[in-house]
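Shown next, in structure tokens, is the structure this report addresses.
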Amino acid sequence: MTEGIPISHFLIVSAIMFFTGIYGFIVRRNLITILMSIELILNSVNINFVVFNKYLYPEHLEGQFFSLFIIAIAAAEAAVAIAIIINIYRRFSTINVENVNEMKH
Amino acid sequence: MTNDQIMFYLFAAIISICSVMTVVSRRILRAAVFLLFVLIATAGMYFMLEYFFLAGVQLMLYAGGIVVLIIFSILLTSHINQKFQLPSWRKVVPTIAAVALGLFLCITTILHYTFKPSAGMEQAKHNLHDIGLKLLDTGANGYALPFEAISILLLAAMIAASVIAKKN
């Protein structure tokens with residue numbers, strides 16, 4: 001299925017996605033959009049693992065397992081992050097990062 | 001151009017354009033929908049690479065689970081018609097410069113490096129049977145320990161999320 005597509009094209013696509021995620025992580029103010037940028041970054045790393053597995057070590061399965069574990073950890077991270085965001089919204093009535101600069105116990 | 005190449009460049013275009021739209025869109029719900037397109041196109045790439053199990057996991061967990069969770073929390077915390085104000089250029093310009101520099105370095109490195117495939121080129125079987133056996137294998141190349149660790153992590157995350165989100 002991948003004849004005629006060099007490995008570098010896959011890597012360039014994932015590099016674009018990674019740096020777009022970093023841009024969003026720095027520029028955005030809303031906590032949920034920051035979380036979406038993190039998902040972009042994790043997803044681009046997944047593409048890299050899978051492509052290296054397919055092109056360079058096709059007799060192994062390691063890249064696939066790394067991607068599976070990254071997806072599971074991303075799901076756990078999103079669940080906890082959204083719970084924290086909803087709690088912050090309840091306390092401060094906003095989820096802008098510059099308005100949430102005070103820690104209460 | 002073969003059909004596969006056309007499909008690949010279509011997916012690549014969807015991923016690039018929609019990921020940029022995810023971080024620049026001023027309406028948060030549209031950003032979430034663009035993120036959904038990115039994740040689905042990524043699943044299409046996994047299908048092209050013939051990792052069918054991983055593509056199914058990507059569709060179910062990312063496109064089905066995480067995006068729905070994000071959209072729910074958007075609906076709980078934001079007004080739908082509200083538009084973000086544009087970020088100040090004093091923040092945008094240095095960020096774009098740093099990101100462009102990083103992207104340039106990455107792409108030049110990728111294009112100048114020759115990737116060598118490993119010696120044994122016979123394709124491993126990627127069916128579900130092998131993946132399941134590998135996940136429960138306690139031998140040299142098995143994944144039983146990370147599999148158990150991730151199950152405990154998921155349980156801990158579930159309990160933590162419900163404890164954090166409950167009212168007082």
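Each chain in the structure tokens gets a letter, A, B, ..., in the order shown, and its residues are numbered from 1; ligands are numbered from 1 in order too.
Residues of chain A lying within 6 Å of chain B, counting only C-alpha atoms, are Met1, Phe19, Gly24, Leu56, Tyr57, Pro58, Glu59, Ala76, Val80, Ala83 and Asn87 of chain A.
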Using N, CA and C atoms, can you write the selected residues to a file as a PDB file, in the first residue's frame?
```pdb
ATOM      1  N   MET A   1       0.822  -1.220   0.000  1.00  0.00           N
ATOM      2  CA  MET A   1       0.000   0.000   0.000  1.00  0.00           C
ATOM      3  C   MET A   1       0.850   1.261   0.000  1.00  0.00           C
ATOM      4  N   PHE A  19       4.674  20.825  15.178  1.00  0.00           N
ATOM      5  CA  PHE A  19       4.984  22.231  15.447  1.00  0.00           C
ATOM      6  C   PHE A  19       3.729  23.089  15.450  1.00  0.00           C
ATOM      7  N   GLY A  24       0.037  26.236  18.998  1.00  0.00           N
ATOM      8  CA  GLY A  24      -1.225  26.375  19.719  1.00  0.00           C
ATOM      9  C   GLY A  24      -1.019  26.340  21.223  1.00  0.00           C
ATOM     10  N   LEU A  56      11.250   0.803   8.608  1.00  0.00           N
ATOM     11  CA  LEU A  56      12.613   0.415   8.971  1.00  0.00           C
ATOM     12  C   LEU A  56      12.684  -0.948   9.645  1.00  0.00           C
ATOM     13  N   TYR A  57      11.690  -1.311  10.449  1.00  0.00           N
ATOM     14  CA  TYR A  57      11.730  -2.602  11.146  1.00  0.00           C
ATOM     15  C   TYR A  57      10.427  -3.348  10.947  1.00  0.00           C
ATOM     16  N   PRO A  58      10.109  -3.738   9.720  1.00  0.00           N
ATOM     17  CA  PRO A  58       8.789  -4.342   9.483  1.00  0.00           C
ATOM     18  C   PRO A  58       8.629  -5.712  10.116  1.00  0.00           C
ATOM     19  N   GLU A  59       9.721  -6.328  10.611  1.00  0.00           N
ATOM     20  CA  GLU A  59       9.566  -7.651  11.208  1.00  0.00           C
ATOM     21  C   GLU A  59       9.221  -7.574  12.688  1.00  0.00           C
ATOM     22  N   ALA A  76      -6.265   8.716  29.334  1.00  0.00           N
ATOM     23  CA  ALA A  76      -6.285   8.964  30.777  1.00  0.00           C
ATOM     24  C   ALA A  76      -6.008  10.429  31.076  1.00  0.00           C
ATOM     25  N   VAL A  80      -8.486  13.199  33.069  1.00  0.00           N
ATOM     26  CA  VAL A  80      -8.120  13.938  34.281  1.00  0.00           C
ATOM     27  C   VAL A  80      -8.080  15.431  34.007  1.00  0.00           C
ATOM     28  N   ALA A  83     -11.545  16.865  33.919  1.00  0.00           N
ATOM     29  CA  ALA A  83     -12.104  16.975  35.270  1.00  0.00           C
ATOM     30  C   ALA A  83     -11.555  18.202  35.973  1.00  0.00           C
ATOM     31  N   ASN A  87     -13.625  21.625  37.197  1.00  0.00           N
ATOM     32  CA  ASN A  87     -13.533  22.124  38.569  1.00  0.00           C
ATOM     33  C   ASN A  87     -13.075  23.577  38.608  1.00  0.00           C
TER      34      ASN A  87
END
```
Can you work out the spacing between CA of Val45 in chain A and CA of Ile95 in chain A in Å, to one decimal?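 Result for CA of Val45 in chain A versus CA of Ile95 in chain A: 27.4 Å, one decimal.
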